[in-house]
$ cat start38.txt   # compact mmCIF, C-alpha atoms
# COMPACT_ATOMS: atom_id res chain seq x y z
CA MET A 1053 4.86 -15.94 28.19
CA ALA A 1054 3.45 -18.86 26.28
CA LYS A 1055 4.41 -22.39 25.44
CA ILE A 1056 5.54 -23.26 21.92
CA GLU A 1057 6.57 -26.60 20.47
CA TRP A 1058 9.30 -26.65 17.84
CA MET A 1059 12.45 -28.47 16.73
CA LEU A 1060 15.99 -27.24 17.28
CA ASN A 1061 18.87 -29.08 15.62
CA GLY A 1062 16.83 -32.26 15.41
CA THR A 1063 15.56 -32.18 19.00
CA PRO A 1064 11.92 -31.44 19.89
CA ILE A 1065 11.74 -28.42 22.17
CA SER A 1066 8.92 -27.17 24.33
CA SER A 1067 9.68 -23.58 25.28
CA ASP A 1068 7.79 -21.48 27.80
CA ILE A 1069 8.94 -18.18 26.43
CA ASP A 1070 8.15 -14.55 25.64
CA LEU A 1071 6.70 -14.80 22.14
CA SER A 1072 8.37 -11.55 21.09
CA MET A 1073 11.89 -12.67 21.99
CA ARG A 1074 14.13 -12.78 18.94
CA LEU A 1075 15.20 -16.26 17.89
CA LEU A 1076 18.82 -15.01 17.82
CA ASP A 1077 18.68 -14.04 21.50
CA TYR A 1078 17.08 -17.35 22.43
CA LEU A 1079 19.75 -19.33 20.58
CA ARG A 1080 22.70 -17.39 21.98
CA ASP A 1081 21.49 -16.63 25.53
CA HIS A 1082 19.27 -19.63 26.35
CA GLN A 1083 20.81 -22.41 24.28
CA HIS A 1084 24.39 -21.05 24.25
CA LEU A 1085 24.60 -21.60 20.52
CA LYS A 1086 27.07 -18.88 19.54
CA GLY A 1087 27.35 -19.78 15.84
CA PRO A 1088 24.66 -17.30 14.78
CA LYS A 1089 26.16 -13.83 15.34
CA GLU A 1090 24.54 -10.45 15.78
CA GLY A 1091 26.01 -8.19 13.12
CA CYS A 1092 23.53 -5.51 12.14
CA GLY A 1093 20.42 -6.72 13.99
CA GLU A 1094 18.35 -5.49 11.05
CA GLY A 1095 18.45 -8.38 8.58
CA GLU A 1096 21.08 -6.79 6.38
CA CYS A 1097 24.25 -8.77 7.11
CA GLY A 1098 23.21 -12.42 7.37
CA ALA A 1099 25.61 -13.20 10.22
CA CYS A 1100 22.70 -14.52 12.29
CA ALA A 1101 21.39 -16.83 9.56
CA VAL A 1102 19.78 -20.14 10.47
CA LEU A 1103 17.71 -22.64 8.54
CA ILE A 1104 13.98 -22.75 9.19
CA ASP A 1105 12.44 -25.73 7.45
CA HIS A 1106 15.55 -25.92 5.20
CA GLN A 1107 15.30 -22.26 4.19
CA ILE A 1108 17.66 -19.51 5.24
CA ALA A 1109 16.23 -16.93 7.66
CA ASN A 1110 17.71 -14.08 9.68
CA SER A 1111 17.27 -15.13 13.31
CA CYS A 1112 17.49 -11.47 14.40
CA LEU A 1113 14.16 -10.85 12.65
CA VAL A 1114 12.29 -13.96 13.76
CA PRO A 1115 10.18 -13.68 16.92
CA MET A 1116 9.91 -16.91 18.87
CA ALA A 1117 6.19 -16.99 18.05
CA ASN A 1118 7.10 -17.57 14.40
CA VAL A 1119 9.18 -20.72 15.07
CA ALA A 1120 6.24 -22.54 16.67
CA GLY A 1121 5.70 -25.76 14.74
CA HIS A 1122 8.88 -25.32 12.68
CA GLU A 1123 12.33 -26.90 12.53
CA VAL A 1124 15.31 -24.62 13.16
CA VAL A 1125 18.86 -25.71 12.35
CA THR A 1126 21.84 -23.60 13.41
CA ILE A 1127 25.40 -23.96 12.15
CA GLU A 1128 26.07 -26.18 15.20
CA GLY A 1129 23.37 -28.62 14.11
CA PHE A 1130 24.31 -28.46 10.46
CA ALA A 1131 27.99 -29.11 11.35
CA LYS A 1132 27.07 -32.73 12.13
CA THR A 1133 26.19 -33.44 8.51
CA LYS A 1134 28.26 -34.67 5.57
CA ARG A 1135 27.00 -31.73 3.52
CA TYR A 1136 28.57 -29.34 6.03
CA GLN A 1137 31.91 -31.16 5.71
CA ILE A 1138 31.82 -30.74 1.93
CA ILE A 1139 30.96 -27.03 2.14
CA ALA A 1140 33.45 -26.29 4.94
CA GLN A 1141 36.30 -28.04 3.10
CA ALA A 1142 35.49 -26.13 -0.08
CA PHE A 1143 35.56 -22.85 1.90
CA ILE A 1144 38.97 -23.80 3.33
CA ASP A 1145 40.37 -24.90 -0.04
CA CYS A 1146 39.23 -21.70 -1.78
CA GLY A 1147 40.40 -19.34 0.96
CA ALA A 1148 36.82 -18.24 1.52
CA VAL A 1149 37.32 -17.66 5.26
CA GLN A 1150 39.30 -14.81 6.72
CA CYS A 1151 38.02 -13.25 9.96
CA GLY A 1152 35.26 -15.86 10.07
CA PHE A 1153 32.47 -13.67 11.45
CA CYS A 1154 30.29 -14.08 8.37
CA THR A 1155 31.21 -17.72 7.75
CA PRO A 1156 28.39 -19.48 9.67
CA GLY A 1157 25.87 -17.35 7.77
CA MET A 1158 27.63 -17.95 4.47
CA ILE A 1159 27.58 -21.72 5.03
CA ILE A 1160 23.89 -21.61 6.00
CA ALA A 1161 23.19 -19.58 2.82
CA THR A 1162 25.09 -22.20 0.81
CA GLU A 1163 23.10 -25.07 2.29
CA SER A 1164 19.83 -23.22 1.70
CA LEU A 1165 20.80 -22.68 -1.94
CA LEU A 1166 22.10 -26.19 -2.65
CA HIS A 1167 19.08 -27.79 -0.96
CA HIS A 1168 16.85 -26.14 -3.56
CA GLN A 1169 19.30 -25.88 -6.46
CA PRO A 1170 22.10 -28.50 -6.24
CA GLN A 1171 23.92 -27.23 -9.35
CA PRO A 1172 23.56 -23.43 -9.21
CA THR A 1173 24.86 -20.96 -11.76
CA ILE A 1174 27.16 -18.13 -10.68
CA SER A 1175 24.22 -15.78 -10.99
CA GLU A 1176 22.08 -17.98 -8.70
CA ILE A 1177 24.93 -18.10 -6.17
CA LYS A 1178 25.13 -14.31 -6.15
CA VAL A 1179 21.40 -14.02 -5.53
CA ALA A 1180 21.65 -16.62 -2.74
CA LEU A 1181 24.39 -14.59 -1.06
CA SER A 1182 22.67 -11.24 -1.55
CA GLY A 1183 21.73 -11.04 2.12
CA ASN A 1184 25.15 -12.00 3.49
CA LEU A 1185 27.90 -9.43 3.91
CA CYS A 1186 31.61 -10.26 4.04
CA ARG A 1187 34.11 -7.46 4.67
CA CYS A 1188 37.24 -9.59 4.06
CA THR A 1189 37.12 -11.80 1.01
CA GLY A 1190 35.58 -9.68 -1.72
CA TYR A 1191 33.13 -12.55 -2.31
CA ASN A 1192 34.96 -14.12 -5.28
CA MET A 1193 36.49 -16.84 -3.14
CA ILE A 1194 33.15 -17.58 -1.49
CA ILE A 1195 31.50 -17.93 -4.89
CA GLU A 1196 34.33 -20.25 -5.98
CA ALA A 1197 33.90 -22.28 -2.79
CA ILE A 1198 30.18 -22.77 -3.39
CA THR A 1199 30.82 -23.79 -6.99
CA LEU A 1200 33.40 -26.29 -5.75
CA ALA A 1201 31.10 -27.62 -3.01
CA ALA A 1202 28.31 -28.17 -5.55
CA LYS A 1203 30.74 -30.09 -7.78
CA ARG A 1204 32.24 -32.20 -4.99
CA GLY A 1205 28.89 -32.84 -3.35
CA ARG A 1206 27.03 -33.95 -6.46
CA GLY A 1207 24.31 -36.35 -5.29
CA GLU A 1208 24.38 -35.10 -1.67
CA TRP A 1209 21.69 -32.47 -2.26
CA MET B 9 -3.79 -7.43 30.91
CA VAL B 10 -3.90 -8.54 27.28
CA GLU B 11 -0.92 -10.65 26.25
CA ALA B 12 0.78 -11.59 23.01
CA ARG B 13 -1.06 -14.42 21.28
CA ILE B 14 -0.65 -16.93 18.50
CA PRO B 15 -4.11 -17.67 17.05
CA HIS B 16 -4.57 -21.15 15.63
CA SER B 17 -7.22 -20.20 13.08
CA LEU B 18 -8.44 -17.13 11.23
CA GLN B 19 -11.66 -17.31 13.23
CA GLU B 20 -9.74 -17.29 16.52
CA ALA B 21 -7.67 -14.32 15.29
CA LEU B 22 -10.80 -12.34 14.41
CA ILE B 23 -12.45 -13.14 17.75
CA LEU B 24 -9.35 -11.98 19.62
CA MET B 25 -9.26 -8.80 17.52
CA SER B 26 -12.91 -8.10 18.35
CA GLN B 27 -12.06 -8.21 22.07
CA ALA B 28 -8.86 -6.15 22.21
CA THR B 29 -6.54 -4.07 20.08
CA TYR B 30 -3.45 -5.92 18.90
CA THR B 31 -0.44 -5.14 16.75
CA ILE B 32 -0.66 -7.63 13.90
CA VAL B 33 2.71 -9.29 13.36
CA ASN B 34 3.11 -11.34 10.21
CA GLY B 35 6.62 -12.05 8.83
CA ALA B 36 8.02 -9.53 11.38
CA THR B 37 10.91 -8.53 9.10
CA ASP B 38 10.01 -4.83 9.29
CA LEU B 39 8.37 -4.74 12.70
CA LEU B 40 11.27 -6.35 14.57
CA VAL B 41 13.60 -3.72 13.10
CA GLN B 42 11.23 -0.95 14.22
CA LYS B 43 10.65 -2.39 17.69
CA ARG B 44 14.09 -3.73 18.54
CA SER B 45 16.30 -2.38 21.27
CA TRP B 46 19.59 -3.71 22.63
CA SER B 47 20.47 -7.30 21.83
CA GLY B 48 19.20 -9.65 24.48
CA THR B 49 16.18 -7.45 25.23
CA ILE B 50 12.61 -8.14 24.19
CA PRO B 51 11.27 -5.97 21.34
CA LYS B 52 8.65 -3.59 22.75
CA PHE B 53 5.21 -3.25 21.18
CA SER B 54 2.82 -0.52 22.25
CA GLN B 55 -0.07 -2.96 21.84
CA PRO B 56 0.15 -6.71 22.46
CA PRO B 57 1.29 -8.52 19.33
CA LEU B 58 -0.93 -11.01 17.54
CA TYR B 59 1.34 -13.40 15.67
CA ILE B 60 -0.51 -14.56 12.55
CA ARG B 61 2.39 -15.88 10.41
CA GLY B 62 1.49 -19.48 11.30
CA LEU B 63 -2.10 -19.28 9.97
CA LYS B 64 -1.95 -22.00 7.33
CA GLU B 65 -5.39 -21.18 5.91
CA LEU B 66 -3.98 -17.84 4.69
CA ASP B 67 -0.84 -19.43 3.19
CA TYR B 68 -1.77 -19.87 -0.48
CA ILE B 69 -1.46 -18.37 -3.93
CA CYS B 70 -3.89 -19.44 -6.63
CA GLU B 71 -5.70 -18.33 -9.76
CA ARG B 72 -9.45 -17.87 -9.35
CA SER B 73 -11.86 -16.36 -11.86
CA GLY B 74 -9.04 -14.87 -13.91
CA MET B 75 -7.46 -13.21 -10.88
CA LEU B 76 -4.46 -14.12 -8.74
CA GLU B 77 -5.29 -14.46 -5.06
CA ILE B 78 -2.51 -14.28 -2.50
CA GLY B 79 -3.23 -15.22 1.11
CA ALA B 80 -1.93 -12.94 3.84
CA THR B 81 0.66 -15.32 5.25
CA THR B 82 2.16 -16.41 1.92
CA SER B 83 5.89 -15.72 1.82
CA LEU B 84 7.44 -13.41 -0.78
CA GLU B 85 9.57 -16.36 -1.91
CA THR B 86 6.45 -18.41 -2.70
CA ILE B 87 4.95 -15.47 -4.60
CA LEU B 88 8.21 -14.95 -6.52
CA HIS B 89 8.20 -18.49 -7.89
CA HIS B 90 4.50 -18.83 -8.74
CA PRO B 91 4.03 -19.10 -12.53
CA LYS B 92 1.14 -16.60 -12.57
CA THR B 93 2.84 -13.89 -10.53
CA PRO B 94 2.99 -10.73 -12.68
CA LYS B 95 6.48 -10.00 -14.00
CA ILE B 96 6.57 -6.55 -12.42
CA LEU B 97 5.98 -8.11 -9.00
CA GLN B 98 8.69 -10.71 -9.61
CA HIS B 99 11.18 -7.95 -10.49
CA ILE B 100 10.22 -6.05 -7.36
CA ILE B 101 10.48 -9.04 -5.02
CA LEU B 102 13.94 -9.90 -6.38
CA THR B 103 15.32 -6.46 -5.54
CA MET B 104 13.21 -6.02 -2.43
CA ALA B 105 14.96 -8.47 -0.16
CA SER B 106 17.46 -11.28 0.15
CA PRO B 107 16.28 -14.91 0.27
CA ALA B 108 16.51 -14.88 4.08
CA ILE B 109 13.99 -12.04 4.26
CA ARG B 110 11.83 -13.35 1.41
CA HIS B 111 11.27 -16.65 3.22
CA GLN B 112 9.73 -14.83 6.18
CA ALA B 113 8.26 -11.60 4.79
CA THR B 114 4.76 -11.29 3.33
CA LEU B 115 3.02 -9.01 0.86
CA SER B 116 0.28 -8.14 3.33
CA GLY B 117 2.89 -7.06 5.88
CA ASN B 118 4.46 -4.70 3.36
CA ILE B 119 1.01 -3.30 2.56
CA GLN B 120 0.05 -2.80 6.20
CA ASN B 121 3.33 -0.95 6.85
CA ALA B 122 2.21 1.58 4.23
CA SER B 123 5.64 3.08 3.84
CA PRO B 124 6.03 5.54 0.94
CA ALA B 125 9.13 3.50 0.05
CA GLY B 126 7.37 0.13 0.39
CA ASP B 127 8.77 -1.80 -2.57
CA SER B 128 5.82 -4.03 -3.37
CA LEU B 129 3.40 -1.10 -3.30
CA VAL B 130 4.69 0.28 -6.62
CA GLY B 131 3.74 -3.00 -8.29
CA LEU B 132 0.41 -3.27 -6.47
CA TYR B 133 -0.58 0.28 -7.50
CA LEU B 134 0.38 -0.46 -11.12
CA LEU B 135 -1.68 -3.65 -11.11
CA ASP B 136 -4.71 -2.06 -9.41
CA ALA B 137 -4.55 -4.64 -6.63
CA SER B 138 -7.46 -5.14 -4.25
CA ILE B 139 -7.06 -5.69 -0.53
CA VAL B 140 -9.51 -8.02 1.19
CA LEU B 141 -10.15 -7.38 4.88
CA HIS B 142 -12.11 -9.43 7.37
CA ASN B 143 -13.41 -8.72 10.81
CA ARG B 144 -15.50 -11.10 12.90
CA HIS B 145 -18.68 -10.33 10.97
CA HIS B 146 -17.84 -8.81 7.61
CA GLU B 147 -15.58 -8.86 4.61
CA ARG B 148 -14.73 -5.78 2.59
CA VAL B 149 -12.65 -5.18 -0.50
CA ILE B 150 -10.70 -1.96 -1.01
CA SER B 151 -8.42 -0.90 -3.85
CA ILE B 152 -4.80 -0.40 -2.84
CA GLN B 153 -5.03 3.29 -3.74
CA ASP B 154 -7.94 3.80 -1.34
CA PHE B 155 -6.50 1.50 1.33
CA ILE B 156 -3.31 3.50 1.86
CA VAL B 157 -4.30 6.99 2.92
CA ASP B 158 -1.04 8.56 4.12
CA VAL B 159 2.43 7.77 5.43
CA ARG B 160 1.96 4.56 7.45
CA LYS B 161 -1.80 5.09 7.59
CA THR B 162 -4.35 2.72 6.11
CA MET B 163 -8.11 2.20 6.07
CA ARG B 164 -7.82 -0.93 8.23
CA GLU B 165 -9.91 -0.80 11.39
CA ALA B 166 -8.48 -2.21 14.60
CA ASP B 167 -10.66 -5.33 14.43
CA GLU B 168 -9.84 -6.04 10.79
CA LEU B 169 -7.20 -8.27 9.28
CA ILE B 170 -5.87 -8.23 5.72
CA THR B 171 -6.71 -11.76 4.62
CA LYS B 172 -5.71 -11.66 0.96
CA VAL B 173 -4.51 -9.55 -1.94
CA VAL B 174 -6.15 -9.93 -5.34
CA LEU B 175 -4.34 -9.08 -8.58
CA PRO B 176 -5.29 -9.31 -12.23
CA ILE B 177 -3.39 -11.87 -14.28
CA ASP B 178 -0.60 -10.17 -16.23
CA LYS B 179 -1.65 -8.79 -19.63
CA PHE B 180 1.13 -6.28 -20.27
CA SER B 181 3.56 -6.61 -23.14
CA GLN B 182 6.31 -4.61 -21.47
CA CYS B 183 7.24 -3.85 -17.89
CA ALA B 184 9.97 -1.77 -16.33
CA TYR B 185 11.04 -1.50 -12.71
CA THR B 186 14.03 0.27 -11.23
CA LYS B 187 14.83 0.68 -7.57
CA VAL B 188 17.57 3.13 -6.68
CA GLY B 189 19.26 2.29 -3.41
CA PRO B 190 22.67 1.76 -1.84
CA ARG B 191 22.48 -1.99 -2.36
CA LYS B 192 20.78 -4.35 -4.79
CA THR B 193 18.65 -6.03 -2.11
CA ASP B 194 17.90 -5.39 1.55
CA ALA B 195 17.97 -1.62 1.07
CA ILE B 196 15.22 0.95 1.46
CA ALA B 197 14.62 2.72 -1.86
CA LYS B 198 15.76 6.27 -2.40
CA VAL B 199 13.50 6.26 -5.45
CA ALA B 200 11.55 3.53 -7.21
CA PHE B 201 9.98 3.63 -10.64
CA GLY B 202 7.63 1.17 -12.30
CA GLY B 203 5.95 1.19 -15.68
CA LEU B 204 3.57 -1.18 -17.47
CA ILE B 205 2.51 -0.94 -21.06
CA ASP B 206 0.28 -2.93 -23.36
CA ILE B 207 0.88 -2.18 -27.03
CA GLU B 208 -0.97 -3.72 -29.97
CA ASN B 209 -0.07 -2.85 -33.56
CA ASP B 210 2.03 0.08 -32.29
CA ARG B 211 -0.98 1.54 -30.48
CA ILE B 212 -0.90 2.02 -26.70
CA ARG B 213 -3.84 0.09 -25.29
CA ASP B 214 -2.89 0.56 -21.65
CA ILE B 215 -0.08 2.35 -19.87
CA ARG B 216 0.57 2.72 -16.16
CA ILE B 217 3.32 4.65 -14.41
CA ALA B 218 4.11 4.72 -10.69
CA PHE B 219 6.80 6.17 -8.43
CA GLY B 220 7.84 5.10 -4.94
CA ALA B 221 9.57 7.17 -2.23
CA VAL B 222 8.79 10.54 -3.88
CA TYR B 223 5.41 11.31 -2.27
CA LYS B 224 3.48 10.42 0.89
CA THR B 225 2.09 7.34 -0.87
CA VAL B 226 3.02 5.65 -4.13
CA LEU B 227 2.40 8.24 -6.85
CA ARG B 228 0.28 7.37 -9.87
CA SER B 229 -1.64 9.78 -12.13
CA ARG B 230 -4.51 8.27 -14.09
CA LYS B 231 -5.06 11.62 -15.80
CA ILE B 232 -1.58 11.63 -17.32
CA GLU B 233 -1.82 7.94 -18.19
CA GLU B 234 -5.11 8.56 -20.00
CA SER B 235 -3.45 11.19 -22.18
CA LEU B 236 -1.35 8.38 -23.65
CA MET B 237 -4.09 5.77 -24.15
CA GLY B 238 -4.84 5.00 -27.77
CA LYS B 239 -1.85 6.97 -29.05
CA ASP B 240 0.58 5.52 -31.55
CA ARG B 241 3.93 4.75 -29.90
CA SER B 242 5.62 7.10 -32.38
CA ALA B 243 3.72 10.02 -30.80
CA VAL B 244 5.43 9.58 -27.42
CA PRO B 245 8.65 11.57 -28.18
CA GLU B 246 6.71 14.75 -29.00
CA MET B 247 4.57 14.30 -25.85
CA LYS B 248 7.57 13.65 -23.63
CA HIS B 249 8.16 17.20 -22.48
CA VAL B 250 4.55 17.65 -21.34
CA LEU B 251 4.54 14.26 -19.61
CA LEU B 252 7.76 15.04 -17.73
CA GLU B 253 6.38 18.42 -16.66
CA GLY B 254 3.15 16.79 -15.55
CA TYR B 255 4.91 14.36 -13.25
CA ALA B 256 7.42 17.01 -12.10
CA SER B 257 4.49 19.01 -10.69
CA LEU B 258 3.23 15.96 -8.75
CA ILE B 259 6.49 14.57 -7.37
CA GLN B 260 7.08 15.92 -3.85
CA PRO B 261 9.94 14.04 -2.22
CA ILE B 262 11.47 14.68 1.18
CA ASP B 263 15.01 15.08 2.49
CA ASP B 264 16.01 12.31 4.85
CA GLN B 265 19.04 10.23 5.84
CA ARG B 266 18.78 8.14 2.68
CA SER B 267 18.62 10.87 0.06
CA ASN B 268 17.46 14.40 -0.66
CA ARG B 269 14.64 16.08 -2.54
CA TRP B 270 16.71 17.17 -5.55
CA TYR B 271 18.27 13.74 -6.10
CA ARG B 272 14.98 11.93 -5.72
CA LYS B 273 13.07 14.18 -8.11
CA THR B 274 15.84 14.30 -10.73
CA THR B 275 16.31 10.53 -10.63
CA ALA B 276 12.58 9.83 -10.77
CA LEU B 277 12.19 11.99 -13.87
CA ASN B 278 15.27 10.45 -15.49
CA LEU B 279 13.81 6.99 -14.98
CA LEU B 280 10.50 8.15 -16.45
CA GLU B 281 12.27 9.64 -19.46
CA ALA B 282 14.15 6.37 -20.07
CA PHE B 283 10.85 4.48 -19.90
CA LEU B 284 9.16 6.87 -22.34
CA ASP B 285 12.12 6.57 -24.71
CA SER B 286 11.84 2.77 -24.59
CA ILE B 287 8.21 2.97 -25.78
CA SER B 288 8.95 4.74 -29.04
CA ARG B 289 11.98 2.59 -29.89
$ encode --input "start38.txt" --output "structure tokens"
Amino acid sequence: MAKIEWMLNGTPISSDIDLSMRLLDYLRDHQHLKGPKEGCGEGECGACAVLIDHQIANSCLVPMANVAGHEVVTIEGFAKTKRYQIIAQAFIDCGAVQCGFCTPGMIIATESLLHHQPQPTISEIKVALSGNLCRCTGYNMIIEAITLAAKRGRGEW
Amino acid sequence: MVEARIPHSLQEALILMSQATYTIVNGATDLLVQKRSWSGTIPKFSQPPLYIRGLKELDYICERSGMLEIGATTSLETILHHPKTPKILQHIILTMASPAIRHQATLSGNIQNASPAGDSLVGLYLLDASIVLHNRHHERVISIQDFIVDVRKTMREADELITKVVLPIDKFSQCAYTKVGPRKTDAIAKVAFGGLIDIENDRIRDIRIAFGAVYKTVLRSRKIEESLMGKDRSAVPEMKHVLLEGYASLIQPIDDQRSNRWYRKTTALNLLEAFLDSISR
């Protein structure tokens, strides 16, 4: 056990914690933030994605030691922003959500992409989604949704 | 009992490592897969982990004396976007992992894992990378080929830390890299092939060929490469048969859950043949 200082969804946190605990377990079991999901547990599906310092990361592969001094934002924290509203509405309008299990990770991947590249090409969108699996949509509708979000949200990123 | 630690400086890390044996954890993207158990349980390490990912003094990439120096905690994403990163390494990083992994993972972590299928290793062997290690008292520099001695075995002593990787600045006119796997990123290679070539006035000044996942370490033969040095590119087609036979005798893949010996060897040689054909075109 050791104490680490970090930020979670805009709030400073001081955690006395096992440094090897996975961030995903901490979020779900200690903070009851159920947006990040455990899909594969091996960094292959992206269902557990969160933002660390504005960059997408798989929380199943991040030990708590590695969040010390960093800012983590989950889908619950990101949902309070206008950018989330734009992305979520675009996902709804394009039919990019079916079972919904991958959706928090997809939205986090979208935010991570648009934060660094506000007007991405289709090819850049595909690369940005390369770590996120969806078994329902066939991806086309998700790619359309991200294109639409970038268009509607011009100036937000 | 020794506990998991987060050192706040390189010096503190080296002092801790001189006092006890730790498992060095950097980006953790491989180690947490290896050490995980059921969800909600703490990953188990046989030795206490030393979490070095936060060491800011090792988070850099810069050109120095004509070489590219990459600190041990620099993310793959940072390396990918640096203007001096060799093209072969950029190709490898793009197919190695998704952005979510690239933001956390490091080159030094991939090196220390020393997997025969370690994606970055193909590029580092081709580039003749050097590994810089520090312990509390000394620094030593080892070539990547000497550093990795067997499957998951390296020359690193328990009190040593990889502090940086040093690469030459890219001088090759052509590079090729193909990773064969079930998915474009986030997959362990069944076979990987990389080739570098420097041609001037149709003459081969330098050529390097490496295979991943077909031997206990990355496979590279300087003897075969030397047979091509100085040759005109038009001579490659008539040498092709001998070159393919030469590598066929060296490639020794295994059967495992990802692929089998026959597929790996056949694919590796097909990729080599395509590369050789591209030289004479």
$ closest_atom_pairs --input "start38.txt" --of "chain B" --to "chain A" --cutoff "6 Å" --atoms "only C-alpha atoms" --output "JSON lines"
{"residue": "B:Thr37", "atom": "CA", "partner": "A:Leu1113", "partner_atom": "CA", "distance": 5.3}
{"residue": "B:Leu40", "atom": "CA", "partner": "A:Leu1113", "partner_atom": "CA", "distance": 5.7}
{"residue": "B:Val41", "atom": "CA", "partner": "A:Glu1094", "partner_atom": "CA", "distance": 5.5}
{"residue": "B:Gly48", "atom": "CA", "partner": "A:Asp1077", "partner_atom": "CA", "distance": 5.3}
{"residue": "B:Ile50", "atom": "CA", "partner": "A:Met1073", "partner_atom": "CA", "distance": 5.1}
{"residue": "B:Ser106", "atom": "CA", "partner": "A:Gly1183", "partner_atom": "CA", "distance": 4.7}
{"residue": "B:Ala108", "atom": "CA", "partner": "A:Ala1109", "partner_atom": "CA", "distance": 4.1}
{"residue": "B:Asp194", "atom": "CA", "partner": "A:Glu1096", "partner_atom": "CA", "distance": 5.9}
$ closest_residue --input "start38.txt" --among "B:Met75, B:Ile232, B:Ile69, B:Leu39" --to "His90 (chain B)" --atoms "only C-alpha atoms"
B:Ile69
$ closest_residue --input "start38.txt" --among "B:Leu129, B:Val222, B:Ala36, B:Ile205" --to "Gly238 (chain B)" --atoms "all atoms listed in the file"
B:Ile205
$ axis_aligned_box --input "start38.txt" --around "region 1120-1130 of chain A" --padding-each-side "5 Å" --output "AutoDock Vina command-line options"
--center_x 15.9 --center_y -25.6 --center_z 13.6 --size_x 30.4 --size_y 16.1 --size_z 16.2
$ residues_around --input "start38.txt" --residues "Leu115 (chain B)" --least-positions-apart "3" --cutoff "8 Å" --atoms "all atoms listed in the file" --output "list of chain:residue names"
B:Ala80, B:Thr82, B:Ser83, B:Leu84, B:Asn118, B:Ile119, B:Ser128
$ residues_around --input "start38.txt" --residues "region 241-246 of chain B" --least-positions-apart "5" --cutoff "9 Å" --atoms "all atoms listed in the file" --output "ChimeraX atom specification"
/B:207,210-212,236,284-285,287-289
$ write_last_selection --input "start38.txt" --atoms "C-alpha atoms" --output "PDB file, in the coordinates of the input"
ATOM      1  CA  ILE B 207       0.880  -2.180 -27.030  1.00  0.00           C
ATOM      2  CA  ASP B 210       2.030   0.080 -32.290  1.00  0.00           C
ATOM      3  CA  ARG B 211      -0.980   1.540 -30.480  1.00  0.00           C
ATOM      4  CA  ILE B 212      -0.900   2.020 -26.700  1.00  0.00           C
ATOM      5  CA  LEU B 236      -1.350   8.380 -23.650  1.00  0.00           C
ATOM      6  CA  LEU B 284       9.160   6.870 -22.340  1.00  0.00           C
ATOM      7  CA  ASP B 285      12.120   6.570 -24.710  1.00  0.00           C
ATOM      8  CA  ILE B 287       8.210   2.970 -25.780  1.00  0.00           C
ATOM      9  CA  SER B 288       8.950   4.740 -29.040  1.00  0.00           C
ATOM     10  CA  ARG B 289      11.980   2.590 -29.890  1.00  0.00           C
TER      11      ARG B 289
END
$ atom_distance --input "start38.txt" --atom1 "CA of Gly203 (chain B)" --atom2 "CA of Arg148 (chain B)"
28.5 Å
$ atom_distance --input "start38.txt" --atom1 "CA of Arg272 (chain B)" --atom2 "CA of Val250 (chain B)"
19.6 Å
$ residues_around --input "start38.txt" --residues "region 173-176 of chain B" --least-positions-apart "3" --cutoff "8 Å" --atoms "only C-alpha atoms" --output "ChimeraX atom specification"
/B:74-80,116,132,135-140,170
$ closest_residue --input "start38.txt" --among "B:Thr49, B:Gln19, B:Thr275, B:Asn143" --to "Asp167 (chain B)" --atoms "all atoms listed in the file"
B:Asn143
$ closest_residue --input "start38.txt" --among "B:Ala122, B:Asp178, B:His146, B:Pro107" --to "Thr1162 (chain A)" --atoms "only C-alpha atoms"
B:Pro107
$ residues_around --input "start38.txt" --residues "Thr1155 (chain A)" --least-positions-apart "2" --cutoff "10 Å" --atoms "all atoms listed in the file" --output "ChimeraX atom specification"
/A:1087-1089,1098-1099,1127,1140,1143,1148-1153,1157-1161,1184-1186,1194
$ build_atoms --input "start38.txt" --residues "region 1178-1185 of chain A" --atoms "N, CA and C atoms" --output "PDB file, in the coordinates of the input"
ATOM      1  N   LYS A1178      25.097 -15.720  -6.578  1.00  0.00           N
ATOM      2  CA  LYS A1178      25.130 -14.310  -6.150  1.00  0.00           C
ATOM      3  C   LYS A1178      23.804 -13.889  -5.519  1.00  0.00           C
ATOM      4  N   VAL A1179      22.717 -14.337  -6.114  1.00  0.00           N
ATOM      5  CA  VAL A1179      21.400 -14.020  -5.530  1.00  0.00           C
ATOM      6  C   VAL A1179      21.288 -14.657  -4.136  1.00  0.00           C
ATOM      7  N   ALA A1180      21.748 -15.910  -4.032  1.00  0.00           N
ATOM      8  CA  ALA A1180      21.650 -16.620  -2.740  1.00  0.00           C
ATOM      9  C   ALA A1180      22.456 -15.937  -1.649  1.00  0.00           C
ATOM     10  N   LEU A1181      23.542 -15.267  -2.042  1.00  0.00           N
ATOM     11  CA  LEU A1181      24.390 -14.590  -1.060  1.00  0.00           C
ATOM     12  C   LEU A1181      24.030 -13.125  -0.875  1.00  0.00           C
ATOM     13  N   SER A1182      22.968 -12.682  -1.539  1.00  0.00           N
ATOM     14  CA  SER A1182      22.670 -11.240  -1.550  1.00  0.00           C
ATOM     15  C   SER A1182      22.328 -10.678  -0.173  1.00  0.00           C
ATOM     16  N   GLY A1183      22.021 -11.534   0.775  1.00  0.00           N
ATOM     17  CA  GLY A1183      21.730 -11.040   2.120  1.00  0.00           C
ATOM     18  C   GLY A1183      22.866 -11.262   3.101  1.00  0.00           C
ATOM     19  N   ASN A1184      24.018 -11.704   2.601  1.00  0.00           N
ATOM     20  CA  ASN A1184      25.150 -12.000   3.490  1.00  0.00           C
ATOM     21  C   ASN A1184      26.330 -11.103   3.156  1.00  0.00           C
ATOM     22  N   LEU A1185      26.768 -10.333   4.129  1.00  0.00           N
ATOM     23  CA  LEU A1185      27.900  -9.430   3.910  1.00  0.00           C
ATOM     24  C   LEU A1185      29.195 -10.074   4.404  1.00  0.00           C
TER      25      LEU A1185
END
